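*Asks:* I am sharing target31.cif, which consists of mmCIF, C-alpha atoms:
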data_protein
loop_
_atom_site.label_atom_id
_atom_site.label_comp_id
_atom_site.auth_asym_id
_atom_site.auth_seq_id
_atom_site.Cartn_x
_atom_site.Cartn_y
_atom_site.Cartn_z
CA MET L 1 40.53 18.79 23.84
CA ARG L 2 37.29 17.46 25.27
CA VAL L 3 34.36 15.76 23.60
CA THR L 4 31.02 14.50 24.85
CA VAL L 5 30.28 10.82 24.26
CA LYS L 6 26.71 9.58 24.01
CA LEU L 7 25.88 5.88 24.27
CA PHE L 8 22.56 4.16 23.64
CA ALA L 9 20.72 0.93 24.41
CA ARG L 10 23.07 -1.95 25.31
CA LEU L 11 26.19 0.21 24.93
CA ARG L 12 24.78 2.55 27.56
CA ASP L 13 24.07 -0.40 29.87
CA ILE L 14 27.61 -1.71 29.48
CA ALA L 15 29.20 1.66 30.23
CA GLY L 16 26.71 2.36 33.02
CA THR L 17 26.01 5.90 31.79
CA PRO L 18 24.30 7.56 28.81
CA GLU L 19 26.82 10.37 28.56
CA MET L 20 30.43 11.10 29.49
CA THR L 21 33.18 13.52 28.57
CA ARG L 22 36.56 12.31 27.38
CA GLU L 23 39.89 13.95 26.68
CA VAL L 24 41.14 13.23 23.14
CA ALA L 25 44.36 14.20 21.35
CA PRO L 26 44.32 16.72 18.48
CA GLY L 27 43.70 14.80 15.25
CA ALA L 28 41.61 12.15 17.03
CA THR L 29 38.87 10.62 14.90
CA VAL L 30 35.52 9.00 15.63
CA GLY L 31 37.28 5.67 15.13
CA SER L 32 40.15 6.40 17.51
CA LEU L 33 37.68 7.55 20.18
CA TRP L 34 35.86 4.24 19.74
CA GLN L 35 39.14 2.35 20.26
CA GLN L 36 39.76 4.40 23.39
CA LEU L 37 36.34 3.43 24.76
CA ALA L 38 36.76 -0.22 23.77
CA THR L 39 39.93 -0.31 25.87
CA GLU L 40 38.07 1.25 28.77
CA PHE L 41 34.99 -0.98 28.36
CA PRO L 42 36.19 -4.26 26.78
CA GLU L 43 32.62 -5.58 26.54
CA ILE L 44 31.73 -3.03 23.86
CA ALA L 45 34.53 -4.24 21.57
CA SER L 46 32.24 -6.92 20.10
CA TYR L 47 30.21 -4.05 18.53
CA GLU L 48 33.22 -2.96 16.46
CA ARG L 49 31.66 -3.94 13.13
CA SER L 50 27.98 -3.31 13.90
CA ILE L 51 27.87 0.22 15.35
CA SER L 52 26.91 3.40 13.55
CA THR L 53 28.46 6.69 14.55
CA ALA L 54 27.28 10.30 14.64
CA VAL L 55 28.90 13.64 15.34
CA ASN L 56 26.75 16.53 16.57
CA ALA L 57 23.56 14.56 15.82
CA ASP L 58 24.43 13.79 12.21
CA TYR L 59 25.61 10.43 10.91
CA ALA L 60 29.39 10.52 10.42
CA ARG L 61 32.10 8.16 9.20
CA ARG L 62 34.70 6.78 11.57
CA THR L 63 37.42 8.68 9.73
CA GLN L 64 35.90 12.04 10.71
CA VAL L 65 38.34 14.19 12.69
CA LEU L 66 36.95 15.49 15.98
CA ALA L 67 36.85 19.09 17.14
CA ASP L 68 36.81 20.41 20.69
CA GLY L 69 33.29 20.26 22.12
CA ASP L 70 31.93 17.73 19.61
CA GLU L 71 29.15 15.40 20.68
CA VAL L 72 30.01 11.91 19.45
CA ALA L 73 27.37 9.17 19.54
CA PHE L 74 27.89 5.42 19.22
CA LEU L 75 24.79 3.58 18.08
CA PRO L 76 24.24 -0.17 18.29
CA PRO L 77 22.12 -1.76 15.53
CA VAL L 78 18.73 -0.04 15.51
CA SER L 79 15.31 -1.59 16.18
CA GLY L 80 12.69 1.13 15.80
CA GLY L 81 9.21 0.63 14.41
CA MET N 1 -1.48 23.95 17.61
CA ALA N 2 -0.98 22.25 14.26
CA THR N 3 0.25 18.65 14.36
CA PRO N 4 3.90 18.44 13.25
CA LEU N 5 4.51 16.16 10.27
CA LEU N 6 7.48 14.51 11.98
CA SER N 7 7.83 13.87 15.69
CA ILE N 8 9.32 11.62 18.34
CA GLY N 9 8.32 11.68 21.99
CA PRO N 10 6.52 9.92 24.83
CA GLU N 11 2.96 10.97 23.96
CA PRO N 12 0.37 8.37 22.84
CA LEU N 13 -0.12 8.22 19.06
CA ALA N 14 -3.26 8.80 17.03
CA LEU N 15 -3.87 8.59 13.29
CA GLU N 16 -6.55 11.27 12.90
CA PRO N 17 -4.20 14.23 13.51
CA LEU N 18 -1.72 12.75 11.02
CA ILE N 19 -4.42 12.36 8.37
CA ALA N 20 -5.47 15.96 8.92
CA ALA N 21 -1.85 17.13 8.73
CA VAL N 22 -1.00 15.37 5.45
CA THR N 23 -4.14 16.49 3.67
CA GLU N 24 -3.79 20.13 4.72
CA ARG N 25 -2.02 21.58 1.70
CA GLY N 26 -2.94 25.25 1.87
CA ASP N 27 -4.18 26.46 -1.49
CA ALA N 28 -3.80 22.93 -2.90
CA THR N 29 -6.02 21.31 -0.23
CA GLY N 30 -8.41 18.93 -1.97
CA SER N 31 -5.86 17.67 -4.49
CA ASP N 32 -5.37 14.34 -2.70
CA GLY N 33 -7.13 11.23 -3.92
CA ALA N 34 -5.89 8.89 -1.19
CA VAL N 35 -4.43 8.67 2.28
CA THR N 36 -2.86 5.46 3.53
CA THR N 37 -1.93 4.94 7.16
CA PHE N 38 0.20 2.52 9.13
CA LEU N 39 0.18 1.80 12.86
CA GLY N 40 2.91 -0.34 14.35
CA LEU N 41 1.68 -2.09 17.52
CA VAL N 42 3.47 -3.77 20.40
CA ARG N 43 2.89 -7.50 19.98
CA ASN N 44 2.50 -9.99 22.84
CA HIS N 45 4.97 -12.51 21.42
CA ASN N 46 8.37 -12.48 19.73
CA VAL N 47 10.54 -15.44 18.66
CA GLY N 48 8.74 -17.74 21.06
CA ARG N 49 8.85 -15.34 23.99
CA GLN N 50 5.77 -14.07 25.86
CA VAL N 51 6.23 -10.29 25.78
CA HIS N 52 5.01 -8.09 28.68
CA HIS N 53 5.84 -4.67 27.27
CA LEU N 54 8.53 -2.76 25.37
CA GLU N 55 10.62 0.26 26.26
CA TYR N 56 11.84 2.45 23.42
CA GLU N 57 14.68 4.91 23.50
CA ALA N 58 16.02 7.17 20.76
CA TYR N 59 18.71 9.65 19.93
CA GLU N 60 15.99 12.19 19.34
CA PRO N 61 17.70 14.95 17.31
CA LEU N 62 19.23 12.38 14.95
CA ALA N 63 15.93 10.48 14.74
CA LEU N 64 14.21 13.65 13.54
CA ARG N 65 16.95 14.14 10.95
CA ALA N 66 16.47 10.53 9.81
CA PHE N 67 12.71 11.15 9.50
CA GLU N 68 13.44 14.27 7.43
CA ARG N 69 15.69 12.23 5.20
CA ILE N 70 12.98 9.60 4.74
CA ARG N 71 10.49 12.32 3.85
CA SER N 72 12.80 13.82 1.24
CA GLU N 73 13.55 10.40 -0.25
CA ILE N 74 9.80 9.88 -0.57
CA GLU N 75 9.23 13.29 -2.14
CA ALA N 76 11.99 12.52 -4.66
CA THR N 77 10.58 9.08 -5.52
CA TRP N 78 6.87 9.95 -5.52
CA PRO N 79 6.46 13.68 -6.25
CA GLY N 80 3.30 15.04 -4.66
CA VAL N 81 3.23 12.60 -1.75
CA ARG N 82 2.99 14.25 1.68
CA LEU N 83 4.22 12.19 4.63
CA ALA N 84 3.64 12.34 8.38
CA LEU N 85 5.60 10.12 10.74
CA HIS N 86 5.36 9.96 14.53
CA HIS N 87 7.32 7.55 16.72
CA ARG N 88 6.68 7.01 20.40
CA ILE N 89 9.38 6.34 23.03
CA GLY N 90 9.29 5.18 26.65
CA ARG N 91 7.28 2.25 27.98
CA ILE N 92 4.60 0.96 25.60
CA ASP N 93 2.18 -1.82 26.54
CA ILE N 94 0.87 -4.69 24.43
CA GLY N 95 -1.57 -3.63 21.73
CA VAL N 96 -0.53 0.03 21.89
CA ALA N 97 0.99 1.90 18.93
CA SER N 98 4.72 2.62 18.79
CA VAL N 99 4.74 4.24 15.34
CA ALA N 100 2.13 6.01 13.20
CA ILE N 101 2.52 6.97 9.55
CA ALA N 102 0.23 8.69 7.05
CA ALA N 103 0.88 9.34 3.36
CA ALA N 104 -1.37 11.48 1.18
CA SER N 105 -1.20 11.49 -2.60
CA PRO N 106 -3.27 12.40 -5.64
CA HIS N 107 -3.01 8.67 -6.55
CA ARG N 108 -3.54 5.65 -4.29
CA ALA N 109 -0.62 3.58 -5.60
CA HIS N 110 1.87 6.22 -4.51
CA ALA N 111 0.24 6.58 -1.10
CA PHE N 112 0.49 2.82 -0.44
CA SER N 113 4.10 2.65 -1.63
CA ALA N 114 5.22 5.69 0.34
CA CYS N 115 3.69 4.40 3.56
CA ARG N 116 5.40 1.01 3.22
CA TYR N 117 8.69 2.61 2.23
CA ALA N 118 8.59 4.91 5.26
CA ILE N 119 8.28 2.10 7.83
CA GLU N 120 10.99 0.04 6.10
CA ARG N 121 13.37 3.02 6.20
CA VAL N 122 12.52 3.75 9.85
CA LYS N 123 13.64 0.22 10.69
CA GLN N 124 16.82 0.68 8.68
CA ILE N 125 18.10 4.14 9.61
CA ALA N 126 16.24 5.69 12.58
CA PRO N 127 18.36 5.70 15.78
CA ILE N 128 15.66 4.08 17.91
CA TRP N 129 15.93 0.95 20.06
CA LYS N 130 13.41 -1.31 21.73
CA ARG N 131 14.03 -3.23 24.92
CA GLU N 132 11.79 -6.24 25.21
CA PHE N 133 10.52 -7.24 28.65
CA PHE N 134 9.35 -10.84 28.42
CA GLU N 135 8.45 -13.76 30.68
CA GLY N 136 11.77 -14.49 32.36
CA GLY N 137 13.92 -11.50 31.44
CA ASP N 138 14.60 -8.58 29.15
CA VAL N 139 16.75 -7.97 26.10
CA TRP N 140 17.72 -5.11 23.80
CA ILE N 141 16.56 -5.88 20.27
CA GLU N 142 19.26 -5.17 17.71
CA GLY N 143 18.32 -5.08 14.03
CA ALA N 144 20.09 -3.21 11.27
CA THR N 145 23.34 -1.27 11.41
CA ALA N 146 22.06 2.20 10.51
CA ASP N 147 23.69 3.62 7.38
CA PRO N 148 21.59 6.15 5.46
CA ASP N 149 24.00 5.99 2.52
CA ASP N 150 23.72 2.21 2.11
CA ALA N 151 22.28 2.01 -1.41
CA ALA N 152 21.47 -1.70 -1.10
CA ALA N 153 19.29 -1.10 1.97
CA ARG N 154 17.45 1.72 0.23
CA ALA N 155 16.92 -0.46 -2.85
CA GLU N 156 15.46 -3.21 -0.64
CA ALA N 157 13.02 -0.71 0.92
CA GLU N 158 12.00 0.39 -2.58
CA ARG N 159 11.57 -3.23 -3.66
CA VAL N 160 9.15 -4.09 -0.84
CA ALA N 161 7.33 -0.79 -1.43
CA CYS N 162 6.72 -1.81 -5.06
CA VAL N 163 8.38 1.22 -6.63
#
Take the structure in the file and give it back as structure tokens.

*Replies:*
Amino acid sequence: MRVTVKLFARLRDIAGTPEMTREVAPGATVGSLWQQLATEFPEIASYERSISTAVNADYARRTQVLADGDEVAFLPPVSGG
Amino acid sequence: MATPLLSIGPEPLALEPLIAAVTERGDATGSDGAVTTFLGLVRNHNVGRQVHHLEYEAYEPLALRAFERIRSEIEATWPGVRLALHHRIGRIDIGVASVAIAAASPHRAHAFSACRYAIERVKQIAPIWKREFFEGGDVWIEGATADPDDAAARAEAERVACV
């Protein structure tokens, strides 16, 4: 199944794109998708413990199981205001 | 068109429309005794660096949900407070506002607290990032790991807001 990945701020710079689609196996979670991306873009691995994650524009835990067509966002530490 | 209470976008910010929006309460208009406002401005220096300008980006639909969450937290903590919160994105120059907040309440203490609480929570849980362009380079600023369910972060925001 396919999901859309959204990346922001420095994560977007590292990957070179704000959005991509990726093929994931049935049963894949937010966390396993992150591992997949960290293999593809080793520089993002240092964000392992500091990112937040969202599915379909709602904060989600890394254990959440993905569904076909989900939009999964990886968010570095925030700095609004 | 009426000013929305919560918004994020590239338009310049102004306080007057927010003040009008929070004090417009339909049949209950006139019940407020206070409005407090907050403007966050782009500052010309940061940790010893001479700042030229900032660029903000956001995950807009989630930012609006975070703002809605902040508003409901405020309504639960200070019943009767009405909040407006606008955040700007894109390039913002020195001295220009990046965030505008207004809180109306029958009582001034609640208006002050709600306004302070709102900006603290924005910094904790809104998916917004600033890139600082300074003399000699640029850098993404990275603050808090956003977790709306982090009770300790929420307690800290309440502490500084003098709940």

*Asks:* Please evaluate the PyMOL selection byres ((chain N and resi 41-57) around 7) against the displayed coordinates and give the resulting residues as a list in words.

*Replies:*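 Taken over the shown coordinates, the PyMOL selection byres ((chain N and resi 41-57) around 7) returns Leu39, Gly40, Ala58, Ile89, Gly90, Arg91, Ile92, Asp93, Ile94, Gly95, Val96, Ala97, Ser98, Ile128, Trp129, Lys130, Arg131, Glu132, Phe133, Phe134 and Glu135 of chain N.
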
*Asks:* When you count all atoms listed in the file, which of these residues is closest to chain N: L:Ala45, L:Leu33, L:Leu7, L:Ala38?

*Replies:*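 Smallest distance to chain N is found for L:Leu7.
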
*Asks:* Could you work out how far atom CA of Phe67 of chain N lies from atom CA of Leu6 of chain N, giving the answer in Å with one decimal?

*Replies:*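 Atom CA of Leu6 of chain N sits 6.7 Å away from atom CA of Phe67 of chain N.
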
*Asks:* Please enumerate the residues selected by the PyMOL selection byres ((chain L) within 10 of (chain N)) when evaluated against the supplied file, formatted as a ChimeraX atom specification.

*Replies:* /L:6-10,13,49-61,73,75-81

*Asks:* Could you please determine the separation between atom CA of Phe112 of chain N and atom CA of Leu5 of chain N in Å, to one decimal place?

*Replies:*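 Computing the Euclidean distance for atom CA of Phe112 of chain N and atom CA of Leu5 of chain N yields 17.6 Å.
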
*Asks:* Let me know the residues the PyMOL selection byres ((chain N and resi 31) around 10) catches in the file above, as a list in words.

*Replies:*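 Selection result, ordered by chain and number: Thr23, Glu24, Arg25, Asp27, Ala28, Thr29, Gly30, Asp32, Gly33, Ala34, Gly80, Ala104, Ser105, Pro106 and His107 of chain N.
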
*Asks:* Taking only C-alpha atoms into account, name the residue in L:Phe41, L:Val72, L:Glu48, L:Arg12 that is nearest to Val24 of chain L.

*Replies:*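 Answer, going by the shortest atom-to-atom distance: L:Val72.
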
*Asks:* Provide the atom CA of Val22 of chain N to atom CA of Ser72 of chain N distance in Å, to one decimal place.

*Replies:*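 We find that atom CA of Val22 of chain N and atom CA of Ser72 of chain N lie 14.5 Å from each other.
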
*Asks:* Of the candidates L:Gln35, L:Thr29, L:Glu40, L:Val3, which one gets nearest to Ala15 of chain L if we count all atoms listed in the file?

*Replies:*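 Nearest to Ala15 of chain L: L:Glu40.
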
*Asks:* Just want the 6 Å neighbourhood of Ala103 of chain N, counted on all atoms listed in the file, with same-chain residues fewer than 4 positions away dropped. Output as a list of chain:residue names.

*Replies:* N:Val35, N:Thr36, N:Arg82, N:Leu83, N:Ala111, N:Cys115

*Asks:* Would you put the residues from that selection into a file with C-alpha atoms, as a compact mmCIF listing (two decimals), in the frame of the given file?

*Replies:*
# COMPACT_ATOMS: atom_id res chain seq x y z
CA VAL N 35 -4.43 8.67 2.28
CA THR N 36 -2.86 5.46 3.53
CA ARG N 82 2.99 14.25 1.68
CA LEU N 83 4.22 12.19 4.63
CA ALA N 111 0.24 6.58 -1.10
CA CYS N 115 3.69 4.40 3.56

*Asks:* Restricting the calculation to all atoms listed in the file, which member of N:Ala153, N:Cys162, N:Ile8, N:Leu13 is positioned closest to Ser113 of chain N?

*Replies:*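 Counting all atoms listed in the file, the residue closest to Ser113 of chain N is N:Cys162.
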
*Asks:* Set up a box along x, y and z of the file covering all listed atoms of segment 26-40 of chain L, add 5 Å on every one of the six sides, and write the centre and edge lengths in Å to one decimal, as lines of an AutoDock Vina configuration file.

*Replies:*
center_x = 39.9
center_y = 8.2
center_z = 21.8
size_x = 18.8
size_y = 27.0
size_z = 23.9

*Asks:* Missing atoms in segment 30-41 of chain L: fill them in up to all heavy atoms and send the result as a CSV table (one decimal), keeping the file's coordinate frame.

*Replies:*
chain,number,residue,atom,x,y,z
L,30,VAL,N,36.6,9.8,15.1
L,30,VAL,CA,35.5,9.0,15.6
L,30,VAL,C,36.0,7.6,15.9
L,30,VAL,O,35.8,7.0,17.0
L,30,VAL,CB,34.3,9.0,14.6
L,30,VAL,CG1,33.3,8.0,15.1
L,30,VAL,CG2,33.7,10.4,14.5
L,31,GLY,N,36.8,7.0,15.0
L,31,GLY,CA,37.3,5.7,15.1
L,31,GLY,C,38.3,5.5,16.3
L,31,GLY,O,38.2,4.5,17.0
L,32,SER,N,39.2,6.5,16.4
L,32,SER,CA,40.2,6.4,17.5
L,32,SER,C,39.5,6.6,18.9
L,32,SER,O,39.9,5.9,19.9
L,32,SER,CB,41.3,7.4,17.3
L,32,SER,OG,40.9,8.7,17.5
L,33,LEU,N,38.4,7.4,18.9
L,33,LEU,CA,37.7,7.6,20.2
L,33,LEU,C,37.0,6.2,20.5
L,33,LEU,O,37.0,5.8,21.7
L,33,LEU,CB,36.7,8.7,20.1
L,33,LEU,CG,35.7,8.9,21.2
L,33,LEU,CD1,36.5,9.2,22.5
L,33,LEU,CD2,34.7,10.0,21.0
L,34,TRP,N,36.5,5.5,19.5
L,34,TRP,CA,35.9,4.2,19.7
L,34,TRP,C,36.9,3.3,20.3
L,34,TRP,O,36.6,2.5,21.3
L,34,TRP,CB,35.2,3.7,18.4
L,34,TRP,CG,34.8,2.2,18.6
L,34,TRP,CD1,35.5,1.2,18.1
L,34,TRP,CD2,33.7,1.7,19.3
L,34,TRP,NE1,34.9,0.0,18.5
L,34,TRP,CE2,33.7,0.3,19.2
L,34,TRP,CE3,32.6,2.3,19.9
L,34,TRP,CZ2,32.8,-0.5,19.7
L,34,TRP,CZ3,31.6,1.5,20.5
L,34,TRP,CH2,31.7,0.1,20.4
L,35,GLN,N,38.1,3.3,19.8
L,35,GLN,CA,39.1,2.4,20.3
L,35,GLN,C,39.5,2.7,21.7
L,35,GLN,O,39.7,1.8,22.5
L,35,GLN,CB,40.4,2.5,19.4
L,35,GLN,CG,40.3,1.9,18.0
L,35,GLN,CD,39.8,0.5,17.9
L,35,GLN,OE1,40.0,-0.3,18.8
L,35,GLN,NE2,39.0,0.2,16.9
L,36,GLN,N,39.5,4.0,22.0
L,36,GLN,CA,39.8,4.4,23.4
L,36,GLN,C,38.7,3.8,24.3
L,36,GLN,O,39.0,3.3,25.4
L,36,GLN,CB,39.8,5.9,23.4
L,36,GLN,CG,40.2,6.6,24.6
L,36,GLN,CD,40.3,8.2,24.4
L,36,GLN,OE1,40.5,8.7,23.3
L,36,GLN,NE2,40.0,8.9,25.5
L,37,LEU,N,37.4,3.9,23.9
L,37,LEU,CA,36.3,3.4,24.8
L,37,LEU,C,36.4,1.9,24.9
L,37,LEU,O,36.0,1.3,25.9
L,37,LEU,CB,35.0,3.9,24.2
L,37,LEU,CG,34.7,5.4,24.3
L,37,LEU,CD1,33.5,5.7,23.5
L,37,LEU,CD2,34.5,5.8,25.7
L,38,ALA,N,36.7,1.2,23.8
L,38,ALA,CA,36.8,-0.2,23.8
L,38,ALA,C,37.8,-0.7,24.7
L,38,ALA,O,37.7,-1.8,25.3
L,38,ALA,CB,37.0,-0.8,22.4
L,39,THR,N,38.9,0.1,24.9
L,39,THR,CA,39.9,-0.3,25.9
L,39,THR,C,39.4,-0.1,27.3
L,39,THR,O,39.6,-1.0,28.2
L,39,THR,CB,41.2,0.6,25.7
L,39,THR,OG1,41.6,0.5,24.3
L,39,THR,CG2,42.3,0.2,26.6
L,40,GLU,N,38.6,1.0,27.5
L,40,GLU,CA,38.1,1.2,28.8
L,40,GLU,C,36.9,0.3,29.2
L,40,GLU,O,36.8,-0.1,30.3
L,40,GLU,CB,37.6,2.7,28.8
L,40,GLU,CG,37.2,3.2,30.1
L,40,GLU,CD,36.8,4.7,30.0
L,40,GLU,OE1,37.0,5.4,29.0
L,40,GLU,OE2,36.2,5.2,31.0
L,41,PHE,N,36.1,-0.1,28.1
L,41,PHE,CA,35.0,-1.0,28.4
L,41,PHE,C,35.1,-2.2,27.4
L,41,PHE,O,34.4,-2.2,26.3
L,41,PHE,CB,33.7,-0.3,28.1
L,41,PHE,CG,33.5,1.0,28.9
L,41,PHE,CD1,33.7,2.2,28.4
L,41,PHE,CD2,33.1,0.9,30.3
L,41,PHE,CE1,33.5,3.4,29.1
L,41,PHE,CE2,32.9,2.1,31.0
L,41,PHE,CZ,33.1,3.3,30.4
